[in-house]
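Visitor: Here it is, the structure, as structure tokens.
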Amino acid sequence: KAGVTQTPRYLIKTRGQQVTLSCSPISGHRSVSWYQQTPGQGLQFLFEYFSETQRNKGNFPGRFSGRQFSNSRSEMNVSTLELGDSALYLCASSFGLEGTDTQYFGPGTRLTVL
Amino acid sequence: QQPVQSPQAVILREGEDAVINCSSSKALYSVHWYRQKHGEAPVFLMILLKGGEQKGHEKISASFNEKKQQSSLYLTASQLSYSGTYFCGTEMGNNAGNMLTFGGGTRLMVKP
């Protein structure tokens with residue numbers, strides 16, 4: 001079956017702009033989690049959506065937001081971009097069952113902020 | 001709190017073995033292991049739940065020592081395809097949802 005897809009794969013923006021990233025989960029998966037990956041901070045959890053509701057949230061400022069649609073597709077938005085937001089943004093999908101769940105990652109969106 | 005992985009990097013010859021450790025200062029509920037190759041998405045390897053269960057996946061296996069709050073990933077008879085960065089992701093409790101805290105990664109290079 002098809003894996004997790006993310007669009008776009010690459011983005012270049014300038015400081016102050018906003019950006020929207022998209023993630024389509026594996027068919028049947030209802031949970032989508034977002035992670036930021038940078039050389040300095042590694043892989044950091046942003047938030048998780050399940051059945052159109054944010055279920056868990058990491059330690060990121062309010063400029064980072066997301067949403068999930070009824071078909072489980074998710075979008076992540078970053079407003080007022082800063083240079084430090086340059087990173088690989090990964091989304092991961094899973095069935096979202098209670099307890100431990102296997103997450104499958106998409107290829108990521110590489111965001112560069114100039 | 002971010003788990004600590006060791007070593008940070010390791011170079012092997014094909015056929016050699018390696019152990020990667022993932023330690024936490026807090027009680028863990030589960031440990032998830034992933035491998036990421038350069039420019040690609042992390043690929044799931046295995047999950048270990050508290051209880052000390054050891055799991056295997058071809059020549060890659062892992063254990064979870066609840067007393068030490070440490071998981072170890074064992075790579076035996078390494079192949080060139082094992083090269084990449086290995087991450088452990090941890091969960092503190094059996095809460096609803098997914099919220100992995102990842103270690104800093106271990107870079108593994110397997111040479112012919």
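In the structure tokens, chains take the letters A, B, ... in the order shown, each chain's residues start at 1, and ligands count up from 1 in the order shown.
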Could you list, as an mmCIF file with N, CA, C and O atoms, in the first residue's frame, the residues of chain B having an atom within 8 Å of chain A when counting only C-alpha atoms?
Guide:
```
data_model
loop_
_atom_site.group_PDB
_atom_site.id
_atom_site.type_symbol
_atom_site.label_atom_id
_atom_site.label_comp_id
_atom_site.auth_asym_id
_atom_site.auth_seq_id
_atom_site.Cartn_x
_atom_site.Cartn_y
_atom_site.Cartn_z
ATOM 1 N N SER B 30 7.962 2.614 26.643
ATOM 2 C CA SER B 30 8.337 1.927 25.416
ATOM 3 C C SER B 30 9.504 2.629 24.743
ATOM 4 O O SER B 30 9.759 3.812 24.972
ATOM 5 N N GLU B 40 16.644 10.501 3.410
ATOM 6 C CA GLU B 40 15.446 9.670 3.389
ATOM 7 C C GLU B 40 14.685 9.784 4.709
ATOM 8 O O GLU B 40 15.174 10.352 5.691
ATOM 9 N N ALA B 41 13.482 9.220 4.733
ATOM 10 C CA ALA B 41 12.676 9.221 5.947
ATOM 11 C C ALA B 41 13.177 8.164 6.929
ATOM 12 O O ALA B 41 13.733 7.149 6.516
ATOM 13 N N PRO B 42 12.990 8.389 8.218
ATOM 14 C CA PRO B 42 13.311 7.330 9.191
ATOM 15 C C PRO B 42 12.453 6.098 8.916
ATOM 16 O O PRO B 42 11.262 6.218 8.626
ATOM 17 N N VAL B 43 13.063 4.928 9.020
ATOM 18 C CA VAL B 43 12.359 3.667 8.786
ATOM 19 C C VAL B 43 12.238 2.917 10.096
ATOM 20 O O VAL B 43 13.224 2.744 10.819
ATOM 21 N N PHE B 44 11.033 2.473 10.402
ATOM 22 C CA PHE B 44 10.774 1.778 11.649
ATOM 23 C C PHE B 44 11.490 0.433 11.683
ATOM 24 O O PHE B 44 11.470 -0.321 10.699
ATOM 25 N N ILE B 47 9.657 -1.998 18.126
ATOM 26 C CA ILE B 47 9.204 -1.390 19.377
ATOM 27 C C ILE B 47 9.494 -2.365 20.505
ATOM 28 O O ILE B 47 9.280 -3.565 20.357
ATOM 29 N N ASN B 94 1.866 5.020 29.124
ATOM 30 C CA ASN B 94 0.910 4.417 28.209
ATOM 31 C C ASN B 94 -0.275 5.367 28.014
ATOM 32 O O ASN B 94 -1.417 5.040 28.317
ATOM 33 N N ASN B 95 0.057 6.572 27.515
ATOM 34 C CA ASN B 95 -0.987 7.565 27.320
ATOM 35 C C ASN B 95 -1.557 7.459 25.919
ATOM 36 O O ASN B 95 -0.925 6.929 25.014
ATOM 37 N N ALA B 96 -2.713 8.003 25.755
ATOM 38 C CA ALA B 96 -3.313 7.987 24.429
ATOM 39 C C ALA B 96 -2.470 8.817 23.471
ATOM 40 O O ALA B 96 -2.005 9.892 23.817
ATOM 41 N N GLY B 97 -2.293 8.302 22.306
ATOM 42 C CA GLY B 97 -1.601 9.086 21.300
ATOM 43 C C GLY B 97 -0.122 8.825 21.194
ATOM 44 O O GLY B 97 0.454 8.040 21.936
ATOM 45 N N ASN B 98 0.477 9.511 20.230
ATOM 46 C CA ASN B 98 1.884 9.353 19.927
ATOM 47 C C ASN B 98 2.637 10.622 20.266
ATOM 48 O O ASN B 98 2.225 11.707 19.885
ATOM 49 N N MET B 99 3.724 10.476 20.989
ATOM 50 C CA MET B 99 4.537 11.632 21.349
ATOM 51 C C MET B 99 5.921 11.120 21.674
ATOM 52 O O MET B 99 6.288 11.001 22.841
ATOM 53 N N LEU B 100 6.683 10.784 20.639
ATOM 54 C CA LEU B 100 8.003 10.220 20.851
ATOM 55 C C LEU B 100 9.030 11.314 21.135
ATOM 56 O O LEU B 100 9.039 12.354 20.492
ATOM 57 N N THR B 101 9.907 11.023 22.098
ATOM 58 C CA THR B 101 11.058 11.879 22.375
ATOM 59 C C THR B 101 12.280 11.127 21.866
ATOM 60 O O THR B 101 12.569 10.022 22.345
ATOM 61 N N PHE B 102 12.978 11.717 20.905
ATOM 62 C CA PHE B 102 14.066 11.014 20.247
ATOM 63 C C PHE B 102 15.427 11.367 20.845
ATOM 64 O O PHE B 102 15.664 12.493 21.304
ATOM 65 N N GLY B 103 16.317 10.388 20.802
ATOM 66 C CA GLY B 103 17.707 10.617 21.154
ATOM 67 C C GLY B 103 18.410 11.335 20.008
ATOM 68 O O GLY B 103 17.837 11.545 18.939
ATOM 69 N N GLY B 104 19.668 11.690 20.246
ATOM 70 C CA GLY B 104 20.427 12.472 19.283
ATOM 71 C C GLY B 104 20.904 11.684 18.074
ATOM 72 O O GLY B 104 21.405 12.266 17.113
ATOM 73 N N GLY B 105 20.752 10.366 18.112
ATOM 74 C CA GLY B 105 21.127 9.557 16.967
ATOM 75 C C GLY B 105 22.530 8.979 17.071
ATOM 76 O O GLY B 105 23.414 9.542 17.739
#
```
Visitor: Using only C-alpha atoms, which of the listed residues (A:Phe69, A:Arg30, A:Arg9, A:Arg63) sits closest to Ala87 of chain A?
Guide: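 Answer, going by the shortest atom-to-atom distance: A:Arg9.
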Visitor: Atom CA of Gln36 of chain A and atom CA of Thr106 of chain B, how far apart in Å?
Guide: 17.8 Å
Visitor: Could you pull the residues within 7 Å of Ser6 of chain B, counting only C-alpha atoms, minus those fewer than 2 positions along the same chain, as a ChimeraX atom specification?
Guide: /B:4,8,20-22,106
Visitor: Would you mind exporting the chosen residues as a compact mmCIF listing (two decimals), in the first residue's frame, restricted to N, CA, C and O atoms?
Guide:
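In the end it all went to result12.txt:
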```
# COMPACT_ATOMS: atom_id res chain seq x y z
N VAL B 4 19.56 9.59 25.94
CA VAL B 4 20.95 9.73 25.51
C VAL B 4 21.37 8.48 24.76
O VAL B 4 21.24 7.37 25.28
N GLN B 8 28.05 8.01 19.69
CA GLN B 8 27.50 8.98 18.73
C GLN B 8 27.77 8.53 17.31
O GLN B 8 27.01 8.86 16.40
N ILE B 20 24.22 -0.37 20.04
CA ILE B 20 23.87 1.03 20.23
C ILE B 20 22.96 1.10 21.46
O ILE B 20 22.01 0.34 21.57
N ASN B 21 23.28 2.00 22.36
CA ASN B 21 22.53 2.13 23.60
C ASN B 21 21.68 3.39 23.64
O ASN B 21 22.05 4.42 23.06
N CYS B 22 20.57 3.29 24.34
CA CYS B 22 19.65 4.41 24.50
C CYS B 22 19.24 4.44 25.96
O CYS B 22 18.59 3.51 26.45
N THR B 106 22.73 7.84 16.44
CA THR B 106 24.05 7.20 16.33
C THR B 106 24.33 6.96 14.86
O THR B 106 23.56 6.26 14.19
```
Visitor: Calculate how many Å separate atom CA of Thr38 of chain A from atom CA of Gln18 of chain A, rounding to one decimal.
Guide: 19.0 Å
Visitor: Which residues are close to Leu83 of chain A, i.e. within 7 Å by only C-alpha atoms, leaving aside same-chain residues fewer than 5 positions away? Reply as a ChimeraX atom specification.
Guide: /A:15,113-114
Visitor: Need the shell around Ile12 of chain A: protein/DNA/RNA residues with any atom at most 7 Å away, counting only C-alpha atoms. Skip same-chain ones fewer than 2 positions apart. Format as a list of chain:residue names?
Guide: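 The residues satisfying every condition are A:Tyr10, A:Leu111, A:Thr112, A:Val113.
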Visitor: Please list as a ChimeraX atom specification every residue within 7 Å of Gln70 of chain B, counting only C-alpha atoms and excluding residues in the same chain fewer than 4 positions away.
Guide: /B:21-24,64-66
Visitor: Write out as a short mmCIF file (atom, residue, chain, number, x, y, z; two decimals) with N, CA, C and O atoms, in the first residue's frame all residues of chain A that backbone DSSP assigns to strand (DSSP E).
Guide:
```
data_model
loop_
_atom_site.label_atom_id
_atom_site.label_comp_id
_atom_site.auth_asym_id
_atom_site.auth_seq_id
_atom_site.Cartn_x
_atom_site.Cartn_y
_atom_site.Cartn_z
N THR A 5 2.83 10.43 2.29
CA THR A 5 3.32 11.40 1.32
C THR A 5 3.27 12.79 1.90
O THR A 5 2.36 13.13 2.68
N GLN A 6 4.27 13.60 1.52
CA GLN A 6 4.34 14.97 1.99
C GLN A 6 4.58 15.89 0.80
O GLN A 6 5.38 15.58 -0.07
N THR A 7 3.91 17.02 0.82
CA THR A 7 4.12 18.02 -0.23
C THR A 7 4.17 19.41 0.39
O THR A 7 3.52 19.68 1.41
N TYR A 10 10.34 20.46 -1.15
CA TYR A 10 11.30 21.53 -0.87
C TYR A 10 10.57 22.88 -0.93
O TYR A 10 9.68 23.07 -1.76
N LEU A 11 11.00 23.77 -0.04
CA LEU A 11 10.41 25.11 0.03
C LEU A 11 11.49 26.10 0.41
O LEU A 11 12.28 25.83 1.32
N ILE A 12 11.45 27.23 -0.24
CA ILE A 12 12.33 28.34 0.16
C ILE A 12 11.45 29.55 0.44
O ILE A 12 10.65 29.94 -0.41
N LYS A 13 11.58 30.08 1.64
CA LYS A 13 10.78 31.24 2.05
C LYS A 13 11.72 32.28 2.65
O LYS A 13 12.88 32.01 2.96
N VAL A 19 4.05 29.60 5.92
CA VAL A 19 4.14 28.44 5.05
C VAL A 19 3.17 27.37 5.52
O VAL A 19 2.87 27.26 6.72
N THR A 20 2.64 26.61 4.57
CA THR A 20 1.76 25.49 4.88
C THR A 20 2.31 24.23 4.24
O THR A 20 2.62 24.21 3.05
N LEU A 21 2.46 23.20 5.07
CA LEU A 21 2.97 21.91 4.61
C LEU A 21 1.84 20.88 4.70
O LEU A 21 0.99 20.96 5.60
N SER A 22 1.86 19.91 3.80
CA SER A 22 0.78 18.94 3.77
C SER A 22 1.30 17.52 3.95
O SER A 22 2.40 17.20 3.53
N CYS A 23 0.46 16.70 4.57
CA CYS A 23 0.82 15.31 4.84
C CYS A 23 -0.39 14.41 4.59
O CYS A 23 -1.45 14.64 5.17
N SER A 24 -0.21 13.40 3.75
CA SER A 24 -1.26 12.41 3.53
C SER A 24 -0.84 11.10 4.15
O SER A 24 0.18 10.52 3.75
N SER A 31 -4.05 8.78 12.82
CA SER A 31 -3.18 9.68 13.60
C SER A 31 -2.07 10.21 12.71
O SER A 31 -1.44 9.45 11.95
N VAL A 32 -1.83 11.52 12.80
CA VAL A 32 -0.71 12.13 12.10
C VAL A 32 0.08 12.96 13.10
O VAL A 32 -0.48 13.81 13.80
N SER A 33 1.38 12.67 13.19
CA SER A 33 2.27 13.43 14.06
C SER A 33 3.26 14.21 13.21
O SER A 33 3.65 13.74 12.14
N TRP A 34 3.66 15.35 13.71
CA TRP A 34 4.63 16.18 13.01
C TRP A 34 5.89 16.32 13.85
O TRP A 34 5.82 16.49 15.07
N TYR A 35 7.04 16.27 13.18
CA TYR A 35 8.33 16.41 13.83
C TYR A 35 9.20 17.39 13.05
O TYR A 35 9.10 17.48 11.84
N GLN A 36 10.05 18.10 13.78
CA GLN A 36 11.04 18.97 13.16
C GLN A 36 12.41 18.33 13.35
O GLN A 36 12.74 17.89 14.45
N GLN A 37 13.19 18.27 12.27
CA GLN A 37 14.52 17.69 12.37
C GLN A 37 15.56 18.72 11.94
O GLN A 37 15.52 19.23 10.82
N THR A 38 16.49 19.05 12.84
CA THR A 38 17.59 19.95 12.54
C THR A 38 18.88 19.32 13.02
O THR A 38 18.87 18.48 13.93
N GLY A 42 18.13 17.90 16.55
CA GLY A 42 17.69 16.54 16.26
C GLY A 42 16.21 16.49 15.90
O GLY A 42 15.66 17.45 15.37
N LEU A 43 15.59 15.37 16.22
CA LEU A 43 14.18 15.15 15.93
C LEU A 43 13.33 15.59 17.11
O LEU A 43 13.44 15.05 18.20
N GLN A 44 12.47 16.58 16.88
CA GLN A 44 11.64 17.09 17.96
C GLN A 44 10.16 17.02 17.60
O GLN A 44 9.78 17.40 16.50
N PHE A 45 9.37 16.58 18.55
CA PHE A 45 7.93 16.41 18.36
C PHE A 45 7.23 17.77 18.37
O PHE A 45 7.44 18.60 19.27
N LEU A 46 6.41 17.99 17.35
CA LEU A 46 5.63 19.23 17.27
C LEU A 46 4.23 19.02 17.83
O LEU A 46 3.84 19.65 18.80
N PHE A 47 3.44 18.19 17.19
CA PHE A 47 2.09 17.89 17.65
C PHE A 47 1.56 16.66 16.93
O PHE A 47 2.12 16.21 15.94
N GLU A 48 0.46 16.15 17.48
CA GLU A 48 -0.20 15.00 16.91
C GLU A 48 -1.69 15.29 16.75
O GLU A 48 -2.31 15.88 17.64
N TYR A 49 -2.25 14.86 15.63
CA TYR A 49 -3.68 14.98 15.39
C TYR A 49 -4.29 13.60 15.22
O TYR A 49 -3.70 12.71 14.61
N PHE A 50 -5.47 13.46 15.79
CA PHE A 50 -6.21 12.20 15.71
C PHE A 50 -7.68 12.56 15.57
O PHE A 50 -8.22 13.31 16.40
N THR A 53 -8.63 16.21 15.80
CA THR A 53 -8.38 16.91 17.06
C THR A 53 -6.90 16.80 17.43
O THR A 53 -6.29 15.74 17.27
N GLN A 54 -6.37 17.90 17.95
CA GLN A 54 -4.99 17.84 18.42
C GLN A 54 -4.97 17.05 19.73
O GLN A 54 -5.58 17.46 20.72
N ARG A 55 -4.21 15.96 19.74
CA ARG A 55 -4.23 15.09 20.92
C ARG A 55 -2.99 15.29 21.79
O ARG A 55 -3.05 15.11 23.00
N ASN A 56 -1.87 15.62 21.18
CA ASN A 56 -0.64 15.87 21.93
C ASN A 56 0.09 17.05 21.31
O ASN A 56 -0.02 17.30 20.11
N LYS A 57 0.84 17.76 22.17
CA LYS A 57 1.53 18.95 21.69
C LYS A 57 2.93 19.00 22.29
O LYS A 57 3.10 18.75 23.50
N PHE A 64 3.59 27.79 15.32
CA PHE A 64 3.45 26.48 14.70
C PHE A 64 2.04 25.95 15.01
O PHE A 64 1.66 25.83 16.18
N SER A 65 1.29 25.67 13.99
CA SER A 65 -0.06 25.17 14.19
C SER A 65 -0.36 24.10 13.16
O SER A 65 0.38 23.93 12.19
N GLY A 66 -1.43 23.39 13.39
CA GLY A 66 -1.78 22.35 12.45
C GLY A 66 -3.27 22.10 12.45
O GLY A 66 -4.03 22.70 13.23
N ARG A 67 -3.66 21.24 11.55
CA ARG A 67 -5.05 20.80 11.54
C ARG A 67 -5.13 19.48 10.80
O ARG A 67 -4.21 19.10 10.07
N GLN A 68 -6.25 18.80 10.99
CA GLN A 68 -6.46 17.54 10.31
C GLN A 68 -7.85 17.53 9.73
O GLN A 68 -8.80 18.02 10.35
N SER A 74 -3.36 15.92 6.89
CA SER A 74 -3.04 16.97 7.86
C SER A 74 -2.21 18.06 7.21
O SER A 74 -1.46 17.82 6.25
N GLU A 75 -2.37 19.24 7.71
CA GLU A 75 -1.54 20.37 7.29
C GLU A 75 -0.88 20.98 8.51
O GLU A 75 -1.43 20.97 9.62
N MET A 76 0.31 21.50 8.27
CA MET A 76 1.02 22.21 9.32
C MET A 76 1.32 23.62 8.81
O MET A 76 1.72 23.78 7.65
N ASN A 77 1.13 24.60 9.65
CA ASN A 77 1.35 25.98 9.27
C ASN A 77 2.38 26.62 10.19
O ASN A 77 2.34 26.40 11.41
N VAL A 78 3.28 27.36 9.61
CA VAL A 78 4.23 28.14 10.40
C VAL A 78 4.09 29.59 9.96
O VAL A 78 4.26 29.91 8.78
N ALA A 87 14.52 23.69 8.47
CA ALA A 87 14.59 22.32 8.99
C ALA A 87 13.94 21.37 8.02
O ALA A 87 13.32 21.79 7.04
N LEU A 88 14.07 20.10 8.33
CA LEU A 88 13.31 19.06 7.64
C LEU A 88 12.08 18.78 8.50
O LEU A 88 12.21 18.47 9.68
N TYR A 89 10.91 18.93 7.93
CA TYR A 89 9.67 18.67 8.67
C TYR A 89 9.11 17.33 8.22
O TYR A 89 8.80 17.12 7.05
N LEU A 90 9.01 16.44 9.19
CA LEU A 90 8.56 15.08 8.93
C LEU A 90 7.19 14.86 9.54
O LEU A 90 6.91 15.33 10.64
N CYS A 91 6.36 14.15 8.82
CA CYS A 91 5.13 13.72 9.44
C CYS A 91 5.14 12.20 9.50
O CYS A 91 5.82 11.53 8.71
N ALA A 92 4.44 11.66 10.46
CA ALA A 92 4.37 10.23 10.65
C ALA A 92 2.93 9.84 10.89
O ALA A 92 2.21 10.55 11.60
N SER A 93 2.51 8.74 10.31
CA SER A 93 1.13 8.31 10.52
C SER A 93 1.07 6.96 11.21
O SER A 93 2.01 6.16 11.15
N SER A 94 -0.04 6.74 11.88
CA SER A 94 -0.25 5.47 12.57
C SER A 94 -1.76 5.27 12.73
O SER A 94 -2.54 6.17 12.44
N TYR A 104 4.86 5.54 10.98
CA TYR A 104 5.55 5.44 9.70
C TYR A 104 5.76 6.85 9.17
O TYR A 104 4.81 7.61 9.03
N PHE A 105 7.02 7.15 8.86
CA PHE A 105 7.37 8.50 8.47
C PHE A 105 7.27 8.72 6.96
O PHE A 105 7.51 7.82 6.15
N THR A 109 9.50 17.48 4.28
CA THR A 109 9.56 18.72 3.51
C THR A 109 10.76 19.50 4.02
O THR A 109 10.85 19.79 5.22
N ARG A 110 11.67 19.81 3.12
CA ARG A 110 12.85 20.59 3.49
C ARG A 110 12.52 22.06 3.33
O ARG A 110 12.32 22.55 2.24
N LEU A 111 12.45 22.79 4.47
CA LEU A 111 12.13 24.21 4.46
C LEU A 111 13.41 25.01 4.71
O LEU A 111 14.13 24.77 5.68
N THR A 112 13.67 25.95 3.83
CA THR A 112 14.79 26.86 3.99
C THR A 112 14.25 28.27 4.13
O THR A 112 13.46 28.72 3.28
N VAL A 113 14.62 28.94 5.20
CA VAL A 113 14.19 30.32 5.44
C VAL A 113 15.38 31.25 5.25
O VAL A 113 16.41 31.09 5.91
#
```
Visitor: Just want the 9 Å neighbourhood of Ala77 of chain B, counted on only C-alpha atoms, with same-chain residues fewer than 4 positions away dropped. Output as a PDB file with N, CA and C atoms, in the first residue's frame.
Guide:
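Output below, filename part02.pdb:
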```
ATOM      1  N   GLU B  14      32.288  -4.786   7.151  1.00  0.00           N
ATOM      2  CA  GLU B  14      31.232  -5.771   6.891  1.00  0.00           C
ATOM      3  C   GLU B  14      31.472  -7.023   7.713  1.00  0.00           C
ATOM      4  N   GLY B  15      30.393  -7.529   8.318  1.00  0.00           N
ATOM      5  CA  GLY B  15      30.502  -8.751   9.100  1.00  0.00           C
ATOM      6  C   GLY B  15      30.743  -8.523  10.576  1.00  0.00           C
ATOM      7  N   GLU B  16      31.117  -7.290  10.957  1.00  0.00           N
ATOM      8  CA  GLU B  16      31.352  -7.008  12.371  1.00  0.00           C
ATOM      9  C   GLU B  16      30.039  -6.701  13.078  1.00  0.00           C
ATOM     10  N   ASP B  17      30.091  -6.751  14.407  1.00  0.00           N
ATOM     11  CA  ASP B  17      28.900  -6.496  15.219  1.00  0.00           C
ATOM     12  C   ASP B  17      28.981  -5.118  15.868  1.00  0.00           C
ATOM     13  N   ALA B  18      27.813  -4.592  16.250  1.00  0.00           N
ATOM     14  CA  ALA B  18      27.767  -3.308  16.940  1.00  0.00           C
ATOM     15  C   ALA B  18      26.612  -3.292  17.933  1.00  0.00           C
ATOM     16  N   LYS B  59      18.995  -9.761  11.317  1.00  0.00           N
ATOM     17  CA  LYS B  59      20.186  -9.793  12.159  1.00  0.00           C
ATOM     18  C   LYS B  59      20.232  -8.585  13.093  1.00  0.00           C
TER      19      LYS B  59
END
```
Visitor: What is the distance between atom CA of Lys111 of chain B and atom CA of Val10 of chain B, in Å to one decimal?
Guide: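 If I compute the distance from atom CA of Lys111 of chain B to atom CA of Val10 of chain B, I get 10.9 Å.
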Visitor: So which one's closest to Leu75 of chain B, B:Cys88, B:Ala62, B:Met109, B:Met46? Using only C-alpha atoms, please.
Guide: B:Ala62
